[in-house]
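Structure file model.txt with compact mmCIF, C-alpha atoms:
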# COMPACT_ATOMS: atom_id res chain seq x y z
CA MET R 1 -13.37 26.78 8.86
CA HIS R 2 -15.36 24.65 11.30
CA LEU R 3 -15.34 21.73 8.86
CA VAL R 4 -11.56 21.93 8.47
CA ALA R 5 -11.13 21.92 12.25
CA VAL R 6 -13.34 18.84 12.58
CA LEU R 7 -11.37 17.08 9.82
CA ILE R 8 -8.04 17.79 11.52
CA LEU R 9 -9.36 16.51 14.84
CA THR R 10 -10.45 13.26 13.21
CA VAL R 11 -7.01 12.74 11.68
CA LEU R 12 -4.88 13.61 14.71
CA PRO R 13 -3.84 10.58 16.77
CA PRO R 14 -5.42 10.24 20.23
CA ARG R 15 -3.37 10.81 23.36
CA VAL R 16 -2.76 7.04 23.75
CA LEU R 17 -2.55 5.38 20.35
CA THR R 18 -3.47 1.69 20.22
CA MET R 19 -2.77 -0.58 17.27
CA ASP R 20 -6.45 -0.87 16.34
CA GLU R 21 -6.92 2.90 16.43
CA ALA R 22 -3.79 3.43 14.36
CA LEU R 23 -5.01 0.99 11.71
CA ARG R 24 -8.41 2.69 11.61
CA LEU R 25 -6.88 6.13 11.08
CA PHE R 26 -4.51 4.71 8.50
CA ARG R 27 -7.31 3.12 6.45
CA GLU R 28 -9.27 6.37 6.50
CA ASN R 29 -6.50 8.92 5.92
CA GLY R 30 -3.29 7.20 4.77
CA PHE R 31 -1.83 9.12 1.85
CA ASP R 32 -0.69 6.05 -0.09
CA LEU R 33 -4.05 4.32 0.34
CA LEU R 34 -5.83 7.41 -1.01
CA LEU R 35 -3.52 7.29 -4.05
CA ALA R 36 -4.28 3.59 -4.56
CA ALA R 37 -8.02 4.32 -4.36
CA ALA R 38 -7.58 7.01 -7.03
CA GLN R 39 -5.91 4.45 -9.31
CA VAL R 40 -8.87 2.11 -8.86
CA ALA R 41 -11.23 4.96 -9.77
CA ALA R 42 -9.16 5.63 -12.91
CA ALA R 43 -9.35 1.96 -13.93
CA GLU R 44 -13.12 1.98 -13.39
CA ALA R 45 -13.36 5.07 -15.61
CA ASP R 46 -11.36 3.23 -18.30
CA ALA R 47 -13.80 0.33 -18.05
CA GLN R 48 -16.70 2.70 -18.52
CA ALA R 49 -15.03 4.16 -21.60
CA ALA R 50 -14.32 0.68 -23.00
CA ALA R 51 -18.01 -0.24 -22.75
CA ALA R 52 -19.12 2.88 -24.62
CA VAL R 53 -20.80 2.56 -28.03
CA ALA R 54 -19.57 4.93 -30.73
CA ASN R 55 -22.04 7.69 -31.50
CA PRO R 56 -23.56 7.80 -35.02
CA GLN R 57 -22.39 10.57 -37.27
CA LEU R 58 -24.98 12.88 -38.82
CA SER R 59 -24.15 14.95 -41.89
CA GLY R 60 -26.03 17.47 -43.96
CA SER R 61 -25.35 19.81 -46.83
CA ALA R 62 -27.07 22.52 -48.83
CA GLY R 63 -26.13 24.19 -52.11
CA ARG R 64 -27.41 26.10 -55.14
CA SER R 65 -26.93 25.55 -58.83
CA PHE R 66 -26.05 28.63 -60.92
CA GLY R 67 -26.93 29.25 -64.58
CA TYR R 68 -30.05 27.16 -64.24
CA ASP R 69 -33.58 28.49 -64.68
CA ALA R 70 -35.68 26.61 -62.16
CA ALA R 71 -38.87 28.20 -63.55
CA ALA R 72 -38.45 26.36 -66.85
CA CYS R 73 -40.10 23.22 -65.47
CA PRO R 74 -42.59 22.42 -62.75
CA GLY R 75 -41.10 21.03 -59.54
CA CYS R 76 -37.61 22.15 -60.45
CA SER R 77 -35.37 23.96 -57.97
CA ALA R 78 -31.88 25.38 -58.02
CA THR R 79 -31.43 24.58 -54.29
CA ALA R 80 -29.78 21.24 -53.49
CA TRP R 81 -29.71 19.61 -50.04
CA SER R 82 -28.83 16.30 -48.54
CA ILE R 83 -28.81 14.58 -45.14
CA GLY R 84 -27.00 11.45 -44.11
CA ILE R 85 -26.16 9.19 -41.18
CA ALA R 86 -23.12 6.98 -40.76
CA ASP R 87 -22.29 4.20 -38.36
CA PRO R 88 -18.56 4.41 -37.38
CA SER R 89 -18.24 0.62 -37.22
CA ALA R 90 -20.31 0.46 -34.01
CA LEU R 91 -22.67 -2.26 -35.22
CA PHE R 92 -19.89 -4.36 -36.74
CA ASP R 93 -17.82 -3.80 -33.58
CA LEU R 94 -20.64 -5.40 -31.61
CA LEU R 95 -21.19 -8.27 -34.05
CA THR R 96 -17.51 -9.25 -34.19
CA GLY R 97 -17.18 -9.24 -30.37
CA LYS R 98 -14.48 -6.55 -30.27
CA ARG R 99 -16.50 -4.44 -27.84
CA ARG R 100 -16.96 -7.42 -25.51
CA LEU R 101 -13.23 -8.14 -25.58
CA ARG R 102 -12.41 -4.52 -24.80
CA ILE R 103 -14.79 -4.71 -21.83
CA ASP R 104 -13.09 -7.92 -20.66
CA VAL R 105 -9.68 -6.25 -20.83
CA ALA R 106 -10.93 -3.22 -18.89
CA ARG R 107 -12.70 -5.33 -16.25
CA ALA R 108 -9.58 -7.39 -15.69
CA ALA R 109 -7.63 -4.15 -15.31
CA VAL R 110 -10.14 -2.97 -12.70
CA GLN R 111 -9.75 -6.23 -10.77
CA ALA R 112 -5.98 -5.89 -10.95
CA ALA R 113 -6.20 -2.30 -9.66
CA GLN R 114 -8.46 -3.38 -6.81
CA ARG R 115 -6.09 -6.19 -5.87
CA SER R 116 -3.19 -3.77 -6.10
CA ARG R 117 -5.01 -1.49 -3.68
CA ASP R 118 -5.44 -4.47 -1.34
CA GLU R 119 -1.75 -5.23 -1.77
CA ALA R 120 -0.92 -1.62 -0.87
CA LEU R 121 -3.08 -2.01 2.23
CA ARG R 122 -1.26 -5.24 3.15
CA PHE R 123 2.20 -3.78 2.65
CA LEU R 124 1.51 -0.40 4.22
CA SER R 125 -0.35 -1.94 7.16
CA LEU R 126 2.77 -3.96 7.88
CA GLN R 127 4.80 -0.75 7.67
CA LEU R 128 2.45 0.91 10.15
CA ARG R 129 2.58 -2.07 12.52
CA GLN R 130 6.37 -2.00 12.36
CA ALA R 131 6.37 1.76 13.01
CA MET R 132 4.08 1.25 16.00
CA LEU R 133 6.35 -1.48 17.36
CA ASP R 134 9.38 0.77 16.83
CA GLY R 135 7.56 3.56 18.65
CA ALA R 136 6.70 1.26 21.54
CA LEU R 137 10.30 -0.02 21.63
CA GLN R 138 11.79 3.48 21.71
CA GLN R 139 9.27 4.47 24.36
CA ALA R 140 10.26 1.48 26.51
CA GLN R 141 13.93 2.23 25.95
CA LEU R 142 13.31 5.81 27.07
CA ASP R 143 11.60 4.62 30.26
CA LEU R 144 14.50 2.26 30.88
CA ALA R 145 17.01 5.06 30.30
CA HIS R 146 15.17 7.22 32.85
CA GLU R 147 15.24 4.37 35.36
CA VAL R 148 18.97 3.78 34.84
CA ALA R 149 19.61 7.52 35.14
CA ASP R 150 17.67 7.68 38.41
CA VAL R 151 19.69 4.80 39.85
CA ALA R 152 22.95 6.40 38.71
CA GLU R 153 21.89 9.74 40.21
CA ARG R 154 21.12 8.12 43.56
CA THR R 155 24.45 6.28 43.51
CA TRP R 156 26.24 9.56 42.80
CA SER R 157 24.43 11.28 45.69
CA LEU R 158 25.24 8.38 47.99
CA ASP R 159 28.92 8.52 47.03
CA GLU R 160 29.05 12.26 47.75
CA LYS R 161 27.95 11.54 51.31
CA ARG R 162 30.39 8.65 51.61
CA LEU R 163 33.22 10.87 50.34
CA HIS R 164 32.51 13.43 53.06
CA ALA R 165 32.51 10.58 55.55
CA GLY R 166 35.88 9.41 54.24
CA ALA R 167 34.53 6.03 53.12
CA ILE R 168 35.55 6.34 49.45
CA SER R 169 38.11 8.18 47.38
CA GLU R 170 37.54 11.17 45.12
CA ALA R 171 38.35 8.97 42.11
CA GLU R 172 35.46 6.65 42.95
CA LEU R 173 33.10 9.66 43.26
CA ALA R 174 34.27 10.91 39.88
CA ARG R 175 33.56 7.49 38.40
CA ALA R 176 30.04 7.58 39.83
CA GLU R 177 29.53 11.08 38.42
CA VAL R 178 30.66 9.99 34.95
CA ALA R 179 28.24 7.05 35.10
CA ALA R 180 25.39 9.44 36.01
CA LEU R 181 26.26 11.82 33.17
CA GLN R 182 26.48 8.95 30.70
CA ALA R 183 23.03 7.84 31.82
CA GLN R 184 21.68 11.34 31.14
CA GLN R 185 23.26 11.19 27.68
CA ALA R 186 21.43 7.92 27.06
CA VAL R 187 18.16 9.57 28.13
CA ASP R 188 18.59 12.36 25.59
CA LEU R 189 19.40 9.92 22.79
CA ALA R 190 16.44 7.71 23.67
CA ASP R 191 14.14 10.74 23.76
CA GLN R 192 15.28 11.77 20.28
CA ALA R 193 14.74 8.25 18.91
CA SER R 194 11.25 8.15 20.44
CA ARG R 195 10.30 11.46 18.81
CA VAL R 196 11.52 10.28 15.39
CA ALA R 197 9.50 7.07 15.72
CA LYS R 198 6.34 9.05 16.54
CA LEU R 199 6.86 11.34 13.56
CA GLN R 200 7.03 8.30 11.29
CA ILE R 201 3.78 6.99 12.74
CA ALA R 202 2.06 10.34 12.26
CA LEU R 203 3.19 10.44 8.63
CA LEU R 204 1.79 6.98 7.92
CA LEU R 205 -1.50 7.97 9.54
CA GLY R 206 -1.83 10.94 7.20
CA SER R 207 -1.81 13.37 10.11
CA PRO R 208 -1.76 17.07 9.11
CA ASP R 209 0.18 17.81 12.30
CA PRO R 210 3.16 15.44 12.64
CA GLU R 211 4.23 17.31 15.79
CA SER R 212 1.06 16.29 17.64
CA GLU R 213 1.78 14.72 21.01
CA PHE R 214 0.63 11.17 21.61
CA THR R 215 1.85 8.07 23.41
CA VAL R 216 2.06 4.64 21.84
CA ASP R 217 0.11 2.02 23.77
CA PRO R 218 2.55 0.86 26.50
CA ASP R 219 1.00 -2.64 26.45
CA LEU R 220 1.82 -3.11 22.77
CA LEU R 221 5.02 -5.07 23.45
CA ASP R 222 4.74 -6.73 26.82
CA ARG R 223 1.56 -8.78 26.49
CA PRO R 224 0.69 -12.51 26.34
CA LEU R 225 2.54 -14.37 23.64
CA PRO R 226 0.61 -15.26 20.47
CA ALA R 227 -0.64 -18.76 19.83
CA GLU R 228 1.64 -21.14 18.01
CA ALA R 229 1.51 -20.89 14.24
CA ALA R 230 -0.34 -23.49 12.18
CA PRO R 231 1.64 -26.06 10.16
CA ALA R 232 3.58 -24.63 7.26
CA ASP R 233 1.60 -26.43 4.56
CA ALA R 234 -1.70 -25.08 5.89
CA LEU R 235 -0.29 -21.55 6.00
CA ALA R 236 1.02 -21.93 2.44
CA ARG R 237 -2.39 -23.00 1.14
CA GLU R 238 -4.04 -20.06 2.89
CA ALA R 239 -1.48 -17.66 1.46
CA LEU R 240 -2.01 -18.91 -2.10
CA ASP R 241 -5.75 -18.27 -1.69
CA ARG R 242 -5.52 -14.88 0.02
CA ARG R 243 -2.41 -12.93 -0.97
CA PRO R 244 -3.66 -9.83 -2.81
CA ASP R 245 -0.49 -9.45 -4.89
CA LEU R 246 -0.93 -13.02 -6.13
CA LEU R 247 -4.58 -12.33 -6.93
CA ALA R 248 -3.50 -9.13 -8.70
CA ALA R 249 -1.06 -11.18 -10.79
CA LEU R 250 -3.90 -13.54 -11.75
CA ALA R 251 -5.99 -10.54 -12.78
CA GLN R 252 -3.12 -9.17 -14.84
CA GLU R 253 -2.76 -12.55 -16.52
CA ALA R 254 -6.48 -12.55 -17.35
CA ARG R 255 -6.14 -9.02 -18.72
CA ALA R 256 -3.23 -10.10 -20.93
CA GLU R 257 -5.24 -13.06 -22.25
CA SER R 258 -8.16 -10.81 -23.13
CA ALA R 259 -5.81 -8.26 -24.71
CA LEU R 260 -4.28 -11.00 -26.89
CA ALA R 261 -7.73 -12.17 -27.98
CA LEU R 262 -8.65 -8.56 -28.80
CA ALA R 263 -5.44 -8.04 -30.80
CA ARG R 264 -6.20 -11.12 -32.87
CA ARG R 265 -9.81 -10.08 -33.35
CA GLN R 266 -8.65 -6.68 -34.60
CA ARG R 267 -7.49 -8.43 -37.80
CA ILE R 268 -11.15 -8.43 -38.85
CA PRO R 269 -11.66 -5.13 -40.70
CA ASP R 270 -14.08 -2.61 -39.23
CA VAL R 271 -17.04 -2.14 -41.59
CA ALA R 272 -18.70 1.28 -41.53
CA LEU R 273 -22.27 1.65 -42.80
CA SER R 274 -23.83 4.86 -44.06
CA ALA R 275 -27.13 6.10 -45.51
CA GLN R 276 -27.79 9.38 -47.32
CA TYR R 277 -30.81 11.17 -48.73
CA GLN R 278 -30.40 14.02 -51.26
CA GLN R 279 -32.47 15.95 -53.79
CA GLU R 280 -32.53 19.12 -55.86
CA GLY R 281 -36.06 19.80 -56.97
CA SER R 282 -38.72 17.15 -57.55
CA GLY R 283 -40.43 15.43 -60.43
CA GLN R 284 -39.03 13.82 -63.54
CA SER R 285 -37.27 16.95 -64.70
CA ALA R 286 -35.52 17.72 -61.41
CA LEU R 287 -31.77 18.09 -61.52
CA GLN R 288 -31.51 15.58 -58.67
CA PRO R 289 -34.70 13.71 -57.88
CA PRO R 290 -35.10 12.38 -54.29
CA THR R 291 -32.40 9.76 -53.92
CA VAL R 292 -31.49 7.38 -51.08
CA THR R 293 -27.94 6.08 -51.03
CA VAL R 294 -26.64 3.27 -48.80
CA GLY R 295 -22.87 2.91 -48.46
CA ILE R 296 -20.30 0.67 -46.90
CA GLN R 297 -16.64 1.34 -46.09
CA LEU R 298 -14.22 -1.52 -45.59
CA PRO R 299 -10.43 -1.24 -45.12
CA VAL R 300 -8.69 -3.95 -47.09
CA PRO R 301 -6.08 -5.73 -44.91
CA ILE R 302 -3.48 -6.34 -47.60
CA PHE R 303 -0.27 -4.80 -46.28
CA TYR R 304 -0.68 -5.11 -42.50
CA ARG R 305 -2.64 -7.56 -40.34
CA GLN R 306 -1.92 -6.48 -36.71
CA ALA R 307 1.25 -8.57 -36.52
CA GLY R 308 3.04 -6.13 -34.23
CA GLU R 309 0.09 -5.72 -31.82
CA ILE R 310 -0.40 -9.49 -31.64
CA ALA R 311 3.29 -10.12 -30.95
CA LYS R 312 3.29 -7.48 -28.24
CA ALA R 313 0.17 -8.99 -26.63
CA GLU R 314 1.74 -12.48 -26.72
CA ALA R 315 4.90 -11.15 -25.06
CA ASP R 316 2.81 -9.42 -22.39
CA LEU R 317 0.95 -12.67 -21.68
CA ARG R 318 4.20 -14.61 -21.33
CA ALA R 319 5.55 -11.94 -18.99
CA GLN R 320 2.42 -12.00 -16.81
CA ARG R 321 2.46 -15.80 -16.57
CA THR R 322 6.15 -15.78 -15.61
CA SER R 323 5.54 -13.04 -13.04
CA HIS R 324 2.69 -15.07 -11.58
CA LEU R 325 4.87 -18.17 -11.21
CA LYS R 326 7.70 -16.14 -9.69
CA LEU R 327 5.36 -14.44 -7.25
CA ARG R 328 3.80 -17.77 -6.27
CA ALA R 329 7.25 -19.10 -5.36
CA GLN R 330 8.01 -15.87 -3.46
CA VAL R 331 4.78 -16.24 -1.46
CA LEU R 332 5.81 -19.72 -0.30
CA VAL R 333 9.27 -18.43 0.67
CA ASP R 334 7.72 -15.51 2.60
CA VAL R 335 5.46 -17.84 4.57
CA GLN R 336 8.25 -20.26 5.45
CA SER R 337 10.64 -17.46 6.45
CA ALA R 338 8.06 -15.61 8.55
CA ARG R 339 6.96 -18.78 10.35
CA ALA R 340 10.57 -19.69 11.16
CA ALA R 341 11.16 -16.16 12.48
CA VAL R 342 8.10 -16.39 14.75
CA GLU R 343 9.29 -19.65 16.30
CA ALA R 344 12.87 -18.42 16.77
CA ASN R 345 11.81 -15.13 18.36
CA ARG R 346 9.31 -16.92 20.58
CA ARG R 347 12.12 -19.03 22.04
CA LEU R 348 14.20 -15.90 22.72
CA VAL R 349 11.35 -14.19 24.56
CA GLU R 350 10.45 -17.29 26.55
CA ARG R 351 14.07 -17.70 27.65
CA MET R 352 14.19 -14.06 28.68
CA ARG R 353 10.95 -14.31 30.65
CA SER R 354 11.74 -17.62 32.31
CA ARG R 355 15.19 -16.89 33.75
CA MET R 356 17.38 -14.13 32.32
CA LEU R 357 15.32 -11.08 33.33
CA ALA R 358 14.73 -12.27 36.89
CA ARG R 359 18.35 -13.32 37.40
CA ALA R 360 19.77 -10.06 36.02
CA ARG R 361 17.48 -8.00 38.26
CA ARG R 362 18.31 -10.19 41.26
CA VAL R 363 22.04 -9.69 40.71
CA ARG R 364 21.59 -5.94 40.33
CA ASP R 365 19.54 -5.69 43.51
CA LEU R 366 21.96 -7.82 45.56
CA VAL R 367 25.00 -5.87 44.43
CA GLN R 368 23.13 -2.61 45.13
CA VAL R 369 22.50 -3.71 48.72
CA GLN R 370 26.08 -4.89 49.09
CA TYR R 371 27.41 -1.60 47.74
CA GLU R 372 25.28 0.44 50.10
CA LYS R 373 26.69 -1.63 52.98
CA GLY R 374 30.25 -1.27 51.70
CA ALA R 375 30.61 -4.95 50.77
CA ALA R 376 30.88 -4.36 46.98
CA SER R 377 32.88 -1.95 44.87
CA LEU R 378 31.49 0.71 42.56
CA LEU R 379 32.81 -1.19 39.55
CA GLU R 380 30.84 -4.26 40.60
CA LEU R 381 27.72 -2.14 41.03
CA LEU R 382 28.12 -0.45 37.65
CA ASP R 383 28.72 -3.80 35.96
CA ALA R 384 25.60 -5.29 37.56
CA GLN R 385 23.52 -2.29 36.55
CA ARG R 386 24.91 -2.38 33.02
CA THR R 387 24.15 -6.11 32.71
CA TRP R 388 20.61 -5.65 33.96
CA ALA R 389 19.95 -2.66 31.70
CA GLN R 390 21.36 -4.49 28.66
CA THR R 391 19.29 -7.58 29.43
CA ARG R 392 16.17 -5.47 29.80
CA SER R 393 16.93 -3.63 26.57
CA ASP R 394 17.51 -6.93 24.74
CA TYR R 395 14.21 -8.17 26.10
CA PHE R 396 12.37 -5.19 24.61
CA LYS R 397 14.09 -5.79 21.28
CA ASP R 398 13.19 -9.47 21.37
CA LEU R 399 9.57 -8.58 22.07
CA ARG R 400 9.57 -6.13 19.19
CA ASP R 401 11.11 -8.74 16.86
CA LEU R 402 8.59 -11.37 17.97
CA TRP R 403 5.54 -9.23 17.30
CA LEU R 404 7.02 -7.95 14.06
CA SER R 405 7.55 -11.53 12.90
CA VAL R 406 3.94 -12.31 13.84
CA PHE R 407 2.73 -9.35 11.78
CA GLN R 408 5.05 -10.36 8.95
CA LEU R 409 3.53 -13.84 9.00
CA ASP R 410 0.04 -12.36 8.81
CA ALA R 411 1.17 -10.19 5.90
CA ALA R 412 2.86 -13.12 4.17
CA ILE R 413 -0.40 -15.06 4.37
CA GLY R 414 -2.50 -12.06 3.32
CA ARG R 415 -4.62 -11.91 6.45
CA PRO R 416 -6.44 -8.60 7.04
Would it be possible to restate this file's structure as C-alpha cells?
Amino acid sequence: MHLVAVLILTVLPPRVLTMDEALRLFRENGFDLLLAAAQVAAAEADAQAAAAVANPQLSGSAGRSFGYDAAACPGCSATAWSIGIADPSALFDLLTGKRRLRIDVARAAVQAAQRSRDEALRFLSLQLRQAMLDGALQQAQLDLAHEVADVAERTWSLDEKRLHAGAISEAELARAEVAALQAQQAVDLADQASRVAKLQIALLLGSPDPESEFTVDPDLLDRPLPAEAAPADALAREALDRRPDLLAALAQEARAESALALARRQRIPDVALSAQYQQEGSGQSALQPPTVTVGIQLPVPIFYRQAGEIAKAEADLRAQRTSHLKLRAQVLVDVQSARAAVEANRRLVERMRSRMLARARRVRDLVQVQYEKGAASLLELLDAQRTWAQTRSDYFKDLRDLWLSVFQLDAAIGRP
C-alpha cells in the first residue's frame, strides 16, 4: 500500500507544472511511450529467438524378439535396443548463412522498433507541448476574463450610483448590467476550457488522477522570444540526419534487404544429419550385431523453389524504398513549413508587443477616465474595453501559435 502511494505521488503533476517537469513525467509514465517500449522489448525477444540454434534430437528404442531361443548361441539376446542423435539442419543452417541472415533481419527489426519508439517520443512530446501551451492559453484567457468581469462589475456599480444621482437613464444601467453578466458568462466558459486543457495534460502525463489540481507555468507563453531560426538548408540537412521516423524507414529498408537475401538463400535445401547405434545380442551369431548408421535427409527442390516468398520479399523491399523516399520529401516539407510558420508568428507577436497592446490599453484607460467624468458614453466605454480585451486575447493566441511553431520546428528537425 505504501509503495502504491509513493508511485501515485511521483506521477501526479506538481502544483505549478513547468514544461521541463511535464516532459520528465511524460517520459517516465506516458502510456503510449510505455507501449512503444514494450514493442521494442518484443522485437529484442524476436532477435534472441532468431539467433537460437536448433537443439539436437535424441532418440532411443527397445524391443524383444519372440520365437527365438537366445540360449542357443553364446552372446545372443532376444532384447533389441538402439540410440540415435539427429541434427535438425542446425549445422547446415550455419554453413549456408541462413542463421546469420535471420539474425540480420531480426536486428534490423529491433533498430526499426527503437527508432519507432523515438518517433513516438518525438510525436507525443509535441502533443504534450501543444497541450501545455493550450493549458497556458486557457489559463491566460481565464485571467483575462476575470479582469474584464471585474471592470464590468465596477462599471455596473458606478452606473447604479449615477442612476440614483440622476446622471444616467435606466436603459444605460441595464446595458451596463448586461455587459457585466456577459462577462461572467465568459468567465464560466473560460474556466471550463481551462479544466478540459488540464485534463488532457494529465492524461498525456499518465496521471492516475486526472482530477488532480495543478497550474500550468504562467511564464510559459509570455517570455523572451526565441532566437531566429537557422537557414532552411542547414535545418533540412539536420533533419535528414536526425528525424527518427526517417531513421526507422532506413532500418525497415535494411530489414527488407536482409529478408530478401534470406528468402533467396532458403532455396538451398536444409540437410539434416543423423547417427544411430543399435544391436540385439553380440558376437557373430547375434540377430543384430552392434551397428552404427549415419544418415542424411535432403528435400529435393523439384516442384517449388521459394518463388512466392522471394516475390513477396522483393515487393516489401520496393515498398520500403518508396516509403523512405516519400518520407524524405515529407521531412523537407515539414521543415520548410515549420520555419515559415515561426517567422510569420514572430512578426505577429512583435507587432503586438511594439504597438497594438499598448495602444489598445491606452485607449481603454482614457475612455474609462472620460466615462467616469461623464465625458464619454457607456457604448464608447464598452467598445474600448471590448477592443482591448480582444487585442489581449489575440496576443495570447499569437504567443501560443509562435511557441507551437517553434516546437513544431524542433519536432520537424528531430531535436530532442
Need to verify the contact set: stretch 292-296 of chain R, 12 Å, all atoms listed in the file, exclusion of same-chain residues closer than 5 positions in sequence. Can you return it as a short mmCIF file (atom, residue, chain, number, x, y, z; two decimals) with C-alpha atoms, keeping the file's coordinate frame?
data_model
loop_
_atom_site.label_atom_id
_atom_site.label_comp_id
_atom_site.auth_asym_id
_atom_site.auth_seq_id
_atom_site.Cartn_x
_atom_site.Cartn_y
_atom_site.Cartn_z
CA SER R 82 -28.83 16.30 -48.54
CA ILE R 83 -28.81 14.58 -45.14
CA GLY R 84 -27.00 11.45 -44.11
CA ILE R 85 -26.16 9.19 -41.18
CA ALA R 86 -23.12 6.98 -40.76
CA ASP R 87 -22.29 4.20 -38.36
CA PRO R 88 -18.56 4.41 -37.38
CA SER R 89 -18.24 0.62 -37.22
CA PHE R 92 -19.89 -4.36 -36.74
CA ASP R 270 -14.08 -2.61 -39.23
CA VAL R 271 -17.04 -2.14 -41.59
CA ALA R 272 -18.70 1.28 -41.53
CA LEU R 273 -22.27 1.65 -42.80
CA SER R 274 -23.83 4.86 -44.06
CA ALA R 275 -27.13 6.10 -45.51
CA GLN R 276 -27.79 9.38 -47.32
CA TYR R 277 -30.81 11.17 -48.73
CA GLN R 278 -30.40 14.02 -51.26
CA GLN R 279 -32.47 15.95 -53.79
#
Considering all atoms listed in the file, return as a compact mmCIF listing (two decimals) with C-alpha atoms, in the frame of the given file whatever protein or nucleic-acid residues lie within 8 Å of stretch 127-140 of chain R, sequence-local ones (same chain, fewer than 4 positions apart) excluded.
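Written output follows (selection_16.txt):
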# COMPACT_ATOMS: atom_id res chain seq x y z
CA MET R 19 -2.77 -0.58 17.27
CA ALA R 22 -3.79 3.43 14.36
CA LEU R 23 -5.01 0.99 11.71
CA PHE R 123 2.20 -3.78 2.65
CA LEU R 144 14.50 2.26 30.88
CA ALA R 190 16.44 7.71 23.67
CA ASP R 191 14.14 10.74 23.76
CA ALA R 193 14.74 8.25 18.91
CA SER R 194 11.25 8.15 20.44
CA ALA R 197 9.50 7.07 15.72
CA LYS R 198 6.34 9.05 16.54
CA GLN R 200 7.03 8.30 11.29
CA ILE R 201 3.78 6.99 12.74
CA LEU R 204 1.79 6.98 7.92
CA VAL R 216 2.06 4.64 21.84
CA ASP R 217 0.11 2.02 23.77
CA PRO R 218 2.55 0.86 26.50
CA LEU R 220 1.82 -3.11 22.77
CA LEU R 221 5.02 -5.07 23.45
CA PHE R 396 12.37 -5.19 24.61
CA LYS R 397 14.09 -5.79 21.28
CA ARG R 400 9.57 -6.13 19.19
CA TRP R 403 5.54 -9.23 17.30
CA LEU R 404 7.02 -7.95 14.06
CA PHE R 407 2.73 -9.35 11.78
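In this model, the gap between atom CA of R:Ala248 and atom CA of R:Ala108 comes to 9.4 Å.
Between atom CA of R:Pro226 and atom CA of R:Val406 the separation is 8.0 Å.
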Do you know which residues are at most 6 Å from R:Gly206 counting all atoms listed in the file, after dropping those on the same chain fewer than 3 positions away, and could you put them as JSON, numbers by chain?
{"R": [29, 30, 31, 203]}
With C-alpha atoms retained, could you export that selection as a PDB file, keeping the file's coordinate frame?
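result_34.pdb was written with the following content:
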ATOM      1  CA  ASN R  29      -6.500   8.920   5.920  1.00  0.00           C
ATOM      2  CA  GLY R  30      -3.290   7.200   4.770  1.00  0.00           C
ATOM      3  CA  PHE R  31      -1.830   9.120   1.850  1.00  0.00           C
ATOM      4  CA  LEU R 203       3.190  10.440   8.630  1.00  0.00           C
TER       5      LEU R 203
END
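Here atom CA of R:Glu153 stands at a distance of 14.7 Å from atom CA of R:Tyr371.
Using all atoms listed in the file, the shortest contact distance between R:Arg100 and any of R:Ala261, R:Ala37, R:Ala152, R:Ala249 is found at R:Ala261.
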Using only C-alpha atoms, which residue out of R:Leu199, R:Ala70, R:Leu247, R:Ala36 lies closest to R:Gln111?
R:Leu247
Could you check which residues have any atom within 10 Å of (1.1, -18.1, 2.9), counting all atoms listed in the file with coordinates taken straight from the file, and then list them as a PDB file with C-alpha atoms, in the frame of the given file?
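Written file, out19.pdb:
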ATOM      1  CA  ALA R 232       3.580 -24.630   7.260  1.00  0.00           C
ATOM      2  CA  ASP R 233       1.600 -26.430   4.560  1.00  0.00           C
ATOM      3  CA  ALA R 234      -1.700 -25.080   5.890  1.00  0.00           C
ATOM      4  CA  LEU R 235      -0.290 -21.550   6.000  1.00  0.00           C
ATOM      5  CA  ALA R 236       1.020 -21.930   2.440  1.00  0.00           C
ATOM      6  CA  ARG R 237      -2.390 -23.000   1.140  1.00  0.00           C
ATOM      7  CA  GLU R 238      -4.040 -20.060   2.890  1.00  0.00           C
ATOM      8  CA  ALA R 239      -1.480 -17.660   1.460  1.00  0.00           C
ATOM      9  CA  LEU R 240      -2.010 -18.910  -2.100  1.00  0.00           C
ATOM     10  CA  ASP R 241      -5.750 -18.270  -1.690  1.00  0.00           C
ATOM     11  CA  ARG R 242      -5.520 -14.880   0.020  1.00  0.00           C
ATOM     12  CA  ARG R 243      -2.410 -12.930  -0.970  1.00  0.00           C
ATOM     13  CA  ARG R 328       3.800 -17.770  -6.270  1.00  0.00           C
ATOM     14  CA  GLN R 330       8.010 -15.870  -3.460  1.00  0.00           C
ATOM     15  CA  VAL R 331       4.780 -16.240  -1.460  1.00  0.00           C
ATOM     16  CA  LEU R 332       5.810 -19.720  -0.300  1.00  0.00           C
ATOM     17  CA  VAL R 333       9.270 -18.430   0.670  1.00  0.00           C
ATOM     18  CA  ASP R 334       7.720 -15.510   2.600  1.00  0.00           C
ATOM     19  CA  VAL R 335       5.460 -17.840   4.570  1.00  0.00           C
ATOM     20  CA  GLN R 336       8.250 -20.260   5.450  1.00  0.00           C
ATOM     21  CA  ALA R 338       8.060 -15.610   8.550  1.00  0.00           C
ATOM     22  CA  ARG R 339       6.960 -18.780  10.350  1.00  0.00           C
ATOM     23  CA  LEU R 409       3.530 -13.840   9.000  1.00  0.00           C
ATOM     24  CA  ASP R 410       0.040 -12.360   8.810  1.00  0.00           C
ATOM     25  CA  ALA R 411       1.170 -10.190   5.900  1.00  0.00           C
ATOM     26  CA  ALA R 412       2.860 -13.120   4.170  1.00  0.00           C
ATOM     27  CA  ILE R 413      -0.400 -15.060   4.370  1.00  0.00           C
ATOM     28  CA  GLY R 414      -2.500 -12.060   3.320  1.00  0.00           C
ATOM     29  CA  ARG R 415      -4.620 -11.910   6.450  1.00  0.00           C
TER      30      ARG R 415
END
What lies within 8 Å of stretch 307-324 of chain R using only C-alpha atoms, ignoring chain neighbours under 6 positions off, as an MDAnalysis selection string?
chainID R and resid 246 249:250 252:253 256:257 259:260 263:264
Which is closer to R:Glu213 than all the others in R:Ala62, R:Ala179, R:Ala54, R:Arg15, using all atoms listed in the file?
R:Arg15
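Closest to R:Phe66 among R:Ala229, R:Ala80, R:Val53, R:Ala171 is R:Ala80, based on only C-alpha atoms.
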Selected residue, from R:Ala183, R:Leu378, R:Ala174, R:Ile168, that lies nearest to R:Asp143 when counting all atoms listed in the file
R:Ala183
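Comparing R:Leu189, R:Ile103, R:Val148, R:Ala329 by their smallest distance to R:Thr387, the closest is R:Val148 (using all atoms listed in the file).
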Surrounding residues of R:Ala106 excluding itself and chain neighbours under 6 positions, 12 Å, all atoms listed in the file, as an MDAnalysis selection string:
chainID R and resid 40 42:52 99:100 112:113 251:252 254:259 262
